[in-house]
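Participant: To be precise about what I am sending: the file is called work-v9.tsv and holds TSV, C-alpha atoms.
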```tsv
chain	number	residue	atom	x	y	z
A	17	THR	CA	77.28	300.69	30.65
A	18	HIS	CA	76.69	296.98	30.27
A	19	ALA	CA	76.76	297.27	26.48
A	20	LEU	CA	80.15	298.97	26.49
A	21	LEU	CA	81.51	296.51	29.03
A	22	TYR	CA	80.43	293.57	26.87
A	23	HIS	CA	81.90	295.28	23.82
A	24	TYR	CA	85.37	295.11	25.36
A	25	PHE	CA	84.90	291.97	27.43
A	26	PRO	CA	82.55	289.46	25.78
A	27	THR	CA	82.66	287.11	28.78
A	28	LYS	CA	83.10	287.36	32.52
A	29	GLN	CA	86.31	285.33	32.20
A	30	ALA	CA	87.72	287.85	29.69
A	31	LEU	CA	87.12	290.62	32.24
A	32	ILE	CA	88.73	288.58	35.04
A	33	ASP	CA	91.72	287.82	32.82
A	34	ARG	CA	92.21	291.51	32.09
A	35	VAL	CA	91.93	292.47	35.76
A	36	TYR	CA	94.47	289.76	36.62
A	37	LEU	CA	96.91	290.96	33.98
A	38	GLU	CA	96.60	294.62	34.99
A	39	VAL	CA	96.39	294.38	38.77
A	40	PHE	CA	98.50	291.28	39.46
A	41	GLU	CA	100.82	290.04	36.73
A	42	GLY	CA	101.39	293.49	35.24
A	43	ARG	CA	102.95	294.78	38.45
A	44	TRP	CA	105.80	292.29	38.39
A	45	ARG	CA	109.00	294.07	37.37
A	46	ALA	CA	111.54	292.30	35.17
A	47	GLU	CA	114.32	293.99	37.13
A	48	TRP	CA	113.19	292.05	40.22
A	49	ASP	CA	114.27	288.85	38.48
A	50	ASP	CA	117.70	290.37	37.85
A	51	LEU	CA	117.95	291.66	41.42
A	52	LEU	CA	117.04	288.30	42.97
A	53	ASP	CA	119.40	286.43	40.65
A	54	ASP	CA	122.42	288.68	41.27
A	55	PRO	CA	124.98	286.52	43.16
A	56	THR	CA	127.14	289.51	44.08
A	57	LEU	CA	124.61	291.10	46.43
A	58	ASP	CA	124.27	290.39	50.15
A	59	VAL	CA	121.13	288.30	50.75
A	60	GLU	CA	119.67	290.60	53.43
A	61	ASP	CA	120.20	293.67	51.24
A	62	LYS	CA	118.79	291.87	48.21
A	63	LEU	CA	115.61	290.72	49.98
A	64	THR	CA	115.17	294.13	51.58
A	65	ALA	CA	115.51	295.89	48.24
A	66	PHE	CA	113.08	293.47	46.61
A	67	TYR	CA	110.40	293.63	49.31
A	68	SER	CA	110.75	297.41	49.70
A	69	GLU	CA	109.67	297.76	46.08
A	70	TYR	CA	107.26	294.81	46.09
A	71	VAL	CA	105.11	296.03	48.97
A	72	ASN	CA	104.92	299.56	47.59
A	73	ILE	CA	104.30	298.67	43.94
A	74	THR	CA	102.27	295.49	44.24
A	75	LEU	CA	100.39	295.44	47.52
A	76	THR	CA	98.12	298.40	46.85
A	77	ARG	CA	94.57	298.89	48.10
A	78	GLU	CA	92.92	297.46	44.95
A	79	PHE	CA	95.35	294.53	44.81
A	80	VAL	CA	94.70	293.49	48.41
A	81	ARG	CA	90.94	293.93	48.20
A	82	ILE	CA	90.64	291.96	44.93
A	83	LEU	CA	92.89	289.18	46.23
A	84	VAL	CA	90.91	288.86	49.46
A	85	PHE	CA	87.58	288.92	47.60
A	86	SER	CA	88.79	286.25	45.19
A	87	GLY	CA	90.03	284.14	48.08
A	88	LEU	CA	86.61	284.35	49.72
A	89	THR	CA	84.71	283.49	46.55
A	90	ASP	CA	85.95	281.44	43.62
A	91	HIS	CA	89.79	281.54	43.96
A	92	THR	CA	90.11	282.39	40.25
A	93	ILE	CA	92.63	285.16	40.79
A	94	THR	CA	94.28	283.82	43.95
A	95	ASP	CA	95.10	280.47	42.33
A	96	ARG	CA	96.73	282.18	39.34
A	97	PHE	CA	98.62	284.63	41.52
A	98	PHE	CA	100.03	281.98	43.86
A	99	ALA	CA	100.99	279.82	40.86
A	100	MET	CA	103.01	282.78	39.56
A	101	LEU	CA	104.67	283.25	42.96
A	102	ARG	CA	105.51	279.53	43.18
A	103	GLN	CA	107.10	279.72	39.74
A	104	ARG	CA	108.83	283.12	39.72
A	105	LEU	CA	109.48	284.16	43.29
A	106	PHE	CA	109.51	281.42	45.90
A	107	PRO	CA	112.29	279.27	44.31
A	108	ARG	CA	114.52	282.35	44.18
A	109	LEU	CA	113.80	283.22	47.79
A	110	ILE	CA	114.48	279.65	48.95
A	111	ARG	CA	117.75	279.65	46.99
A	112	GLU	CA	118.80	282.95	48.55
A	113	SER	CA	117.79	281.83	52.04
A	114	ARG	CA	119.98	278.77	51.65
A	115	ARG	CA	122.81	280.90	50.29
A	116	ALA	CA	122.60	283.16	53.34
A	117	ARG	CA	123.06	280.10	55.55
A	118	GLY	CA	125.85	278.57	53.47
A	119	VAL	CA	123.68	275.69	52.32
A	120	ASN	CA	124.50	274.77	48.75
A	121	ARG	CA	121.86	272.29	47.69
A	122	ARG	CA	119.21	272.26	45.03
A	123	ALA	CA	116.88	269.77	46.65
A	124	ARG	CA	113.21	270.45	46.86
A	125	PRO	CA	112.48	272.72	49.83
A	126	SER	CA	111.17	271.09	52.95
A	127	GLN	CA	107.73	271.97	54.23
A	128	ARG	CA	109.38	273.87	57.06
A	129	GLU	CA	111.41	275.95	54.60
A	130	VAL	CA	108.27	276.78	52.64
A	131	GLU	CA	106.30	277.68	55.76
A	132	LEU	CA	109.09	279.89	57.07
A	133	LEU	CA	109.19	281.66	53.71
A	134	MET	CA	105.40	282.00	53.69
A	135	GLY	CA	105.69	283.66	57.10
A	136	LEU	CA	107.97	286.29	55.58
A	137	HIS	CA	105.89	286.82	52.47
A	138	GLY	CA	102.58	286.61	54.31
A	139	GLY	CA	103.84	289.06	56.90
A	140	PHE	CA	104.13	291.73	54.24
A	141	PHE	CA	100.66	290.90	52.99
A	142	TYR	CA	99.29	291.16	56.53
A	143	ILE	CA	100.76	294.65	56.87
A	144	THR	CA	98.71	295.66	53.85
A	145	MET	CA	95.65	293.81	55.18
A	146	ARG	CA	95.87	295.90	58.34
A	147	ARG	CA	95.98	299.05	56.24
A	148	TRP	CA	93.57	298.30	53.38
A	149	ILE	CA	91.08	295.87	54.94
A	150	TYR	CA	91.02	296.71	58.66
A	151	GLY	CA	91.75	300.44	58.28
A	152	GLN	CA	94.54	300.30	60.86
A	153	GLY	CA	97.61	302.45	60.85
A	154	VAL	CA	100.96	300.83	60.11
A	155	HIS	CA	104.15	302.19	61.62
A	156	SER	CA	106.33	303.47	58.87
A	157	GLU	CA	108.73	306.37	58.94
A	158	ALA	CA	107.94	307.03	55.28
A	159	ALA	CA	104.86	308.75	53.92
A	160	PRO	CA	101.55	307.30	55.16
A	161	GLU	CA	100.84	305.51	51.88
A	162	THR	CA	104.19	303.72	51.59
A	163	TYR	CA	106.29	301.35	53.66
A	164	ASP	CA	109.83	302.34	54.44
A	165	GLU	CA	112.95	300.25	54.22
A	166	SER	CA	113.35	299.91	57.99
A	167	LEU	CA	109.96	298.18	58.29
A	168	VAL	CA	110.94	295.78	55.50
A	169	ARG	CA	114.49	295.21	56.77
A	170	ASP	CA	113.20	294.30	60.25
A	171	ARG	CA	111.04	291.52	58.79
A	172	VAL	CA	113.74	290.27	56.41
A	173	ARG	CA	116.30	290.22	59.23
A	174	ALA	CA	113.92	288.29	61.51
A	175	TYR	CA	113.27	285.77	58.71
A	176	LEU	CA	116.99	285.26	58.06
A	177	MET	CA	117.66	284.86	61.78
A	178	SER	CA	114.93	282.21	61.96
A	179	SER	CA	116.38	280.44	58.94
A	180	ARG	CA	119.60	279.96	60.89
A	181	GLU	CA	117.96	277.27	63.05
A	182	LEU	CA	116.30	275.61	60.10
A	183	LEU	CA	119.14	275.74	57.57
A	184	GLY	CA	122.29	276.22	59.61
A	185	ALA	CA	124.84	273.43	60.18
A	186	GLY	CA	123.05	270.81	58.11
A	187	ALA	CA	119.66	271.34	59.75
A	188	ALA	CA	118.05	271.57	56.32
A	189	SER	CA	118.36	267.83	55.81
A	190	ALA	CA	117.72	266.75	59.38
A	191	PRO	CA	114.21	265.64	60.26
A	192	ALA	CA	112.25	267.81	62.64
A	193	LYS	CA	112.57	266.76	66.25
A	194	LYS	CA	109.42	265.61	67.96
A	195	PRO	CA	108.57	267.61	71.05
A	196	THR	CA	109.19	265.75	74.27
A	197	ARG	CA	106.95	265.91	77.28
A	198	ALA	CA	108.45	267.17	80.47
A	199	ARG	CA	108.44	264.70	83.31
A	200	ARG	CA	106.84	265.64	86.57
```
Starting from the file, lay out its structure as structure tokens.
Facilitator:
Amino acid sequence: THALLYHYFPTKQALIDRVYLEVFEGRWRAEWDDLLDDPTLDVEDKLTAFYSEYVNITLTREFVRILVFSGLTDHTITDRFFAMLRQRLFPRLIRESRRARGVNRRARPSQREVELLMGLHGGFFYITMRRWIYGQGVHSEAAPETYDESLVRDRVRAYLMSSRELLGAGAASAPAKKPTRARR
């Protein structure tokens, strides 16, 4: 009832804060920090292990639907969630991407690095959009409600292969080449 709802949540913002903590921030696992910070693990295996858990624990039906709804309305939850990702996750993923390519620098990531990373991360979100928003099947050898490691590894491997052009052999500091027009 409305009365009971207002008893526990005196304001709309209090309710939104609780939903955010339960559905978004509360799903982050402390062990993911340890996994991503472990320098002894192979980068591909590390990212595969992380995203295998992340997509199955975090990107559930309610998570995706609330995030999309917030993005289409007031951005209250999406802004907080992406701020958390920019603080906790993306710097680690950029560091590991550079490590995989033998680039040892702590400079701010280029826009291309960020966009390549967003392609990886957003690709996992799009898989869940297909399932939870569009009602489309997603190929996975695991149970219908989960995503198996091979699906995750394929995306991680493609991302790391793409990072080779961007980060390999000093490309991280080189400016992007302007496309040239072919002569007729």
Participant: Could you list, with a cut-off of 8 Å and counting only C-alpha atoms, the residues of segment 51-126 of chain A near segment 134-156 of chain A, each shown with its nearest atom pair and the distance in Å rounded to one decimal, rows sorted by chain and ascending number, as a tab-separated table?
Facilitator:
```
residue	atom	partner	partner_atom	distance
A:Val71	CA	A:Phe140	CA	6.9
A:Leu75	CA	A:Thr144	CA	6.6
A:Thr76	CA	A:Thr144	CA	7.5
A:Arg77	CA	A:Trp148	CA	5.4
A:Val80	CA	A:Met145	CA	6.8
A:Arg81	CA	A:Ile149	CA	7.0
```
Participant: Mind listing as a list in words all residues within 10 Å of (115.2, 291.5, 49.0), counting only C-alpha atoms?
Facilitator: Trp48, Leu51, Leu52, Leu57, Asp58, Val59, Glu60, Asp61, Lys62, Leu63, Thr64, Ala65, Phe66, Tyr67, Ser68, Glu69, Tyr70, Leu109, Glu112, Val168, Arg169 and Val172 of chain A
Participant: Please determine the residues with any atom at most 12 Å from (92.0, 281.4, 42.9) (coordinates as given in the file, with all atoms listed in the file counting) and report them as a list in words.
Facilitator: Ile32, Asp33, Tyr36, Ile82, Leu83, Val84, Phe85, Ser86, Gly87, Leu88, Thr89, Asp90, His91, Thr92, Ile93, Thr94, Asp95, Arg96, Phe97, Phe98, Ala99 and Met100 of chain A
Participant: Could you jot down the atom CA of Arg128 of chain A to atom CA of Phe79 of chain A separation for me, Å, one decimal place?
Facilitator: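 Result for atom CA of Arg128 of chain A versus atom CA of Phe79 of chain A: 27.8 Å, one decimal.
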Participant: Which of these, A:Gln127, A:His18, A:Asn72, A:Asp54, has the shortest distance to Leu167 of chain A once you count all atoms listed in the file?
Facilitator: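 Smallest separation from Leu167 of chain A among the options: A:Asn72.
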Participant: Just the number, please: distance in Å from atom CA of Arg43 of chain A to atom CA of Glu165 of chain A, one decimal.
Facilitator: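 Here the two named atoms are 19.5 Å from each other.
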